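These notes concern the structure reproduced below.
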Amino acid sequence: MKKLYLIAIISICQMAAFGQKKYEMVVEKTDGTEIVTNVEDIVRTYFRERGNGNSSTEDKAPSEVMAVDLGLSVKWANVNLGASTPEDSGLYYAWGEVEGYNSDSHDFSWQTYKYYDRNSRSMLKYNDEDHKTVLDASDDAASVNWGGNWRTPTTDEFKELYEKCTVEWTQINGVNGCKMTSQINGNSIFLPGVGLREGTEWRSGGTGSPGYYWTASLSGASAFAYNLSVGEWHTAAADFVQNHRFVGFSVRPVQK
């Protein structure tokens, strides 16, 4: 039944993507009631074991984490994943891996990447065979580590952040970053420019103290995923770059 259910969802999403009509996904419950969701609002669908302690329904975010309402389609965390303050770098994550690091002891490379087959030099997941283009909850560092409804933002959600916020390159406690102030309600978040990790080294990534944030979106090539670059020269619009999935970038969680 799960297989048939997923096939139905895929078919509806394809109709919504390529047709002119608008579609809703309807889940009919045993009591006769229905759960109705617009297809264009669906980021992903999946099954999980009921009552599992690792279920994303259990909110495990630290006490310092707040969901900031910017008047957008999602609420944005006030800190990076693994951070305790807005200017803190937090941990760095490879795309699709849920364990983060911020030390020279970990090697961010193809040799250690979870979904890379060194023999065939190909991707084991999110590839041309499974056609997955958005992180599953089980591979989403935000979903796994913070639980609840937290997840990694998509490219569209980052675009919305830039389009509906005033972006200011500023500093908090000596750390450069982008202050995103909502044009809707005046609330704001800070995205620190804290570089990246590649191999066993931390790198600034260039002039202007840029920061790099993973999106949940795979790029056109399976070995790459999209990240957002924040920096002194990236305040006019969201700047997305395709990067190797093994590189260690920051994650800024969102939730509905």
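Every chain in the structure tokens has a letter given in the order shown (A, B, ...), and although residue numbers restart at 1 in each chain, ligands are simply numbered from 1 in the order shown.
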Fewer than 3 positions away in the same chain doesn't count, so skip those; otherwise give me all residues within 12 Å of A:His131, counting only C-alpha atoms, as a list of chain:residue names. A:Ile10, A:Met123, A:Leu124, A:Lys125, A:Tyr126, A:Asn127, A:Asp128, A:Val134, A:Leu135, A:Leu218, A:Ser219, A:Gly220, A:Ala221, A:Ser222
Going by DSSP on the backbone, which residues of stretch 115-214 of chain A come out as helix (DSSP H, G or I)? List them as a list in words.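 Assigned to helix (DSSP H, G or I), within stretch 115-214 of chain A: Ala137, Ser138, Asp139, Ala141, Ala142, Ser143, Val144, Asn145, Trp146, Thr155, Asp156, Glu157, Phe158, Lys159, Glu160, Leu161, Tyr162 and Glu163 of chain A.
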Could you pull the residues within 7 Å of stretch 237-254 of chain A, counting only C-alpha atoms, minus those fewer than 3 positions along the same chain, as number ranges by chain? A: 74-77, 79-81, 91-95, 108-110, 113, 142, 150-153, 158-159, 162, 196-198, 212-214, 219, 223-229, 234
Name the closest residue to A:Trp169 among the candidates A:Met25, A:Phe190, A:Asn145, A:Lys132; distances are taken between atoms, counting only C-alpha atoms.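 Checking each of A:Met25, A:Phe190, A:Asn145, A:Lys132 against A:Trp169, counting only C-alpha atoms, the winner is A:Phe190.
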Quick one, how far is atom CA of A:Asp117 from atom CA of A:Asp104?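 Computed distance, atom CA of A:Asp117 to atom CA of A:Asp104, equals 23.7 Å.
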